[in-house]
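S.K.: Attaching a single structure in structure tokens format; questions to follow.
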Amino acid sequence: MEEKEFTVSEFIDFLNSILTPRRVVVVGEIGERVNEYPNYLYFKLLDLKEKAMLDCFIWRRDLEKSGIDLKPGTKIKILGFPKIYKPNGGFNFQVEQISFIGEGVLKKAFEALKKKLEAGGFFALERKKSIPLFCKRIGLITSKIGKGALPDFEKNLGDHGFQVYLYDVRVEGLFAIDAISEAIQWFNKNMINLDVIVLIRGGGDWESLQSFNSEKVAKAIFASNIPIICGVGHEKDITIADYVSDLRVSTPTQAAKFLSKNWENAAINIHKYEKGFSVFITNLFKNVWDRLNFFAKDFNTKIKNLLLEKKSETEELSEDFNKSKDFWQKRVRDILKQQEEKLNLSNPVLKLKQGYTMTLDKNGQIIKDLDGVKFGDLIQTKYYKGHILSQVKENKKE
Amino acid sequence: MAEKFNFTKAYQKIEEINEWFQGEDIDLNEALSKYKEGMDLIGKCKKELEAAKNHFEEIKNQYKSEELSEEEK
């Protein structure tokens with residue numbers, strides 16, 4: 001069998017290829033000295049009971065994400081992997097995430113992170129996205145095997161044709177931090193047309209909610225373009241994730257109810273509107289019809305009144321006319337009488353009575369000059385009573 | 001292609017019409033056309049509200065996702 005020969009470097013690489021893919025969580029207490037460098041820190045994690053010690057290395061950026069100060073004697077939980085450092089062959093544990101153990105310390109860390117994020121505008125209401133009124137496509141981030149959250153959510157969602165895309169994650173422990181952050185990023189990258197992301201888990205003690213109190217998850221929620229509803233645990237547990245999310249509900253059940261509520265209301269309201277619209281339009285036309293009828297009646301009355309008015313005016317006029325008729329008749333009669341008198345005055349009979357005569361030619365025409373009268377013509381002279389027939393002996397003009 | 005029916009927009013429009021109906025000085029022609037539009041939208045919304053079965057799909061789980069990302073490479 002051929003013996004495999006390594007160089008030192010190759011061997012350490014070989015060992016690291018076995019060691020580094022393993023991610024584990026280790027619990028212990030921070031040793032007395034913490035060596036700080038600009039980009040990284042070294043510290044020792046102690047197991048005082050069993051007298052054991054682990055050399056730890058952490059990048060400063062990872063430490064900052066955890067929001068924790070490395071103070072000697074503090075009990076912590078670290079997530080990371082073992083690694084051999086090539087230049088000196090030293091073994092250490094490369095820490096990726098840190099969290100405190102013990103409620104008191106956790107609360108302190110929580111308050112510190114909350115303050116920091118608040119100052120950074122992470123909780124500002126004006127940057128929160130509004131949840132669409134009617135969500136259909138839901139990105140669900142929770143644990144498939146969890147006892148409470150998923151069944152509660154499904155049970156209370158109601159059948160409104162939701163499309164739920166479940167991204168199964170761990171929701172407890174240090175591993176959950178990456179998993180939840182990745183899930184949020186995955187939806188934002190691959191399913192941008194989601195209406196909403198729902199991040200839920202059942203209640204637990206403060207320690208088990210650590211992933212929801214991490215800066216990494218807070219930043220992932222903050223960076224999401226899809227609005228996020230966060231429903232973690234019980235009523236009293238408000239996590240950092242709750243503060244950053246666009247909407248905080250108290251439990252997974254409430255998250256489901258929130259989403260279905262608007263659909264339920266819409267179903268009720270649509271029926272109301274349908275009925276209301278029909279009533280409205282019927283009433284509107286009835287109203288218009290009534291008004292038209294009223295106007296028609298009113299119009300009739302008005303016309304009648306107008307006619308009556310005109311009639312009385314006409315009557316007045318005709319009365320006036322009747323009155324003036326007599327006057328005119330009299331006037332006409334007077335004029336006629338005057339004329340008659342004038343005529344009477346010029347009546348030839350009257351003249352004859354006074355002794356005048358009138359001579360007519362053979363044609364019965366009154367002779368006014370002698371042009372038409374010839375010698376021997378028969379002429380007739382009229383008197384008041386009787387006439388004389390004569391023959392012209394002489395025609396002598398003067 | 002006809003634009004996809006947008007429930008939210010339709011519902012808001014219905015609410016708008018409802019509000020308009022509450023107003024004064026209603027123009028008859030406008031009322032009639034708004035009524036028609038409203039009833040049409042109501043019909044579509046009702047259809048949307050009837051199609052109700054939820055659809056659950058597991059797109060990722062923590063174990064599978066590692067395999068998937070291997071495949072994707």
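If you're wondering about the labels, chains in the structure tokens are A, B, ... by order shown, residues count from 1 in each chain, ligands from 1 in order shown.
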What residues in chain A have any atom no more than 6 Å from chain B when counting only C-alpha atoms, and can you write them as a ChimeraX atom specification?

M.R.: /A:159-169

S.K.: I'd like the neighbourhood of Ile68 (chain A) as a PyMOL selection string, where a residue qualifies if any of its atoms comes within 10 Å (using only C-alpha atoms), though same-chain residues fewer than 2 positions away should be ignored.

M.R.: chain A and resi 62-66+70-71+76+97-100+106+108-110+112-113

S.K.: Residues of the last selection are to be written out with N, CA and C atoms, as an mmCIF file, in the first residue's frame.

M.R.:
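Below is the file that was written, out_14.cif:
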data_model
loop_
_atom_site.group_PDB
_atom_site.id
_atom_site.type_symbol
_atom_site.label_atom_id
_atom_site.label_comp_id
_atom_site.auth_asym_id
_atom_site.auth_seq_id
_atom_site.Cartn_x
_atom_site.Cartn_y
_atom_site.Cartn_z
ATOM 1 N N ASP A 62 -18.059 39.923 13.263
ATOM 2 C CA ASP A 62 -19.015 38.927 13.775
ATOM 3 C C ASP A 62 -19.401 39.231 15.214
ATOM 4 N N LEU A 63 -18.423 39.727 15.959
ATOM 5 C CA LEU A 63 -18.691 40.083 17.347
ATOM 6 C C LEU A 63 -19.696 41.238 17.401
ATOM 7 N N GLU A 64 -19.472 42.195 16.519
ATOM 8 C CA GLU A 64 -20.365 43.365 16.506
ATOM 9 C C GLU A 64 -21.791 42.963 16.141
ATOM 10 N N LYS A 65 -21.892 42.010 15.234
ATOM 11 C CA LYS A 65 -23.225 41.532 14.837
ATOM 12 C C LYS A 65 -23.946 40.905 16.028
ATOM 13 N N SER A 66 -23.185 40.261 16.875
ATOM 14 C CA SER A 66 -23.810 39.615 18.034
ATOM 15 C C SER A 66 -24.218 40.638 19.079
ATOM 16 N N LEU A 70 -17.264 41.338 25.211
ATOM 17 C CA LEU A 70 -16.592 40.178 25.815
ATOM 18 C C LEU A 70 -15.993 40.587 27.154
ATOM 19 N N LYS A 71 -16.730 40.274 28.191
ATOM 20 C CA LYS A 71 -16.220 40.616 29.526
ATOM 21 C C LYS A 71 -15.857 39.334 30.260
ATOM 22 N N ILE A 76 -21.311 32.430 28.229
ATOM 23 C CA ILE A 76 -21.797 32.600 26.849
ATOM 24 C C ILE A 76 -21.969 31.270 26.142
ATOM 25 N N GLN A 97 -20.897 33.187 15.968
ATOM 26 C CA GLN A 97 -21.944 33.897 16.700
ATOM 27 C C GLN A 97 -21.818 33.660 18.188
ATOM 28 N N ILE A 98 -22.197 34.691 18.917
ATOM 29 C CA ILE A 98 -22.143 34.571 20.378
ATOM 30 C C ILE A 98 -23.489 34.987 20.952
ATOM 31 N N SER A 99 -23.907 34.318 21.985
ATOM 32 C CA SER A 99 -25.044 34.854 22.724
ATOM 33 C C SER A 99 -24.837 34.590 24.206
ATOM 34 N N PHE A 100 -25.498 35.395 24.994
ATOM 35 C CA PHE A 100 -25.374 35.237 26.439
ATOM 36 C C PHE A 100 -26.223 34.079 26.934
ATOM 37 N N LEU A 106 -29.119 38.340 29.139
ATOM 38 C CA LEU A 106 -29.774 38.413 27.824
ATOM 39 C C LEU A 106 -30.607 39.680 27.712
ATOM 40 N N LYS A 108 -30.153 42.393 29.249
ATOM 41 C CA LYS A 108 -29.237 43.515 29.162
ATOM 42 C C LYS A 108 -28.761 43.675 27.711
ATOM 43 N N ALA A 109 -28.377 42.546 27.134
ATOM 44 C CA ALA A 109 -27.897 42.570 25.747
ATOM 45 C C ALA A 109 -29.011 43.033 24.820
ATOM 46 N N PHE A 110 -30.211 42.565 25.126
ATOM 47 C CA PHE A 110 -31.384 42.927 24.328
ATOM 48 C C PHE A 110 -31.617 44.436 24.368
ATOM 49 N N ALA A 112 -29.484 46.733 25.036
ATOM 50 C CA ALA A 112 -28.377 47.424 24.364
ATOM 51 C C ALA A 112 -28.590 47.421 22.850
ATOM 52 N N LEU A 113 -28.956 46.253 22.317
ATOM 53 C CA LEU A 113 -29.168 46.134 20.868
ATOM 54 C C LEU A 113 -30.373 46.969 20.435
#

S.K.: Under the rule that only C-alpha atoms are counted, which of A:Pro348, A:Gly355, A:Pro151, A:Gly173 is the nearest residue to Ala256 (chain A)?

M.R.: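 Of the candidates, the smallest distance to Ala256 (chain A) is held by A:Pro151.
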
S.K.: Find the residues around region 184-188 of chain A up to 12 Å (only C-alpha atoms counted), leave out those fewer than 6 positions away in its own chain, and share them as number ranges by chain.

M.R.: A: 137-142, 165-169, 177-178, 194-199, 216-230, 245; B: 59-60, 65, 69

S.K.: Using DSSP secondary structure from the backbone, list all alpha helix (DSSP H) positions within region 158-395 of chain A, as a PyMOL selection string.

M.R.: chain A and resi 175-190+215-223+240-244+252-345+348-353

S.K.: Which value, in Å to one decimal, gives the distance between CA of Ser143 (chain A) and CA of Arg248 (chain A)?

M.R.: 18.6 Å

S.K.: What parts of region 201-375 of chain A does DSSP call strand (DSSP E or B)? I'd like the answer as a list of chain:residue names.

M.R.: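 The strand (DSSP E or B) residues within region 201-375 of chain A come out as A:Arg201, A:Ile228, A:Ile229, A:Cys230, A:Gly231, A:Val232, A:Leu247, A:Arg248, A:Val249, A:Met358, A:Thr359, A:Leu360, A:Ile366.
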
S.K.: Export C-alpha atoms of the chosen residues as an mmCIF file, in the first residue's frame?

M.R.:
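part-v6.cif, written as the output of this step:
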data_model
loop_
_atom_site.group_PDB
_atom_site.id
_atom_site.type_symbol
_atom_site.label_atom_id
_atom_site.label_comp_id
_atom_site.auth_asym_id
_atom_site.auth_seq_id
_atom_site.Cartn_x
_atom_site.Cartn_y
_atom_site.Cartn_z
ATOM 1 C CA ARG A 201 -42.581 30.799 16.002
ATOM 2 C CA ILE A 228 -42.817 41.331 6.887
ATOM 3 C CA ILE A 229 -45.277 40.330 9.578
ATOM 4 C CA CYS A 230 -43.621 38.991 12.664
ATOM 5 C CA GLY A 231 -45.492 36.851 15.173
ATOM 6 C CA VAL A 232 -43.299 35.385 17.846
ATOM 7 C CA LEU A 247 -46.241 44.570 11.481
ATOM 8 C CA ARG A 248 -45.993 42.837 14.811
ATOM 9 C CA VAL A 249 -48.667 40.412 15.891
ATOM 10 C CA MET A 358 -131.709 122.927 -63.380
ATOM 11 C CA THR A 359 -131.430 122.257 -67.158
ATOM 12 C CA LEU A 360 -130.708 118.842 -68.507
ATOM 13 C CA ILE A 366 -127.013 118.668 -66.235
#

S.K.: Counting only C-alpha atoms, figure out which residue out of A:Ala296, A:Leu174, A:Ile270, A:Ile18 gets nearest to Val95 (chain A).

M.R.: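 Of the candidates, the smallest distance to Val95 (chain A) is held by A:Leu174.
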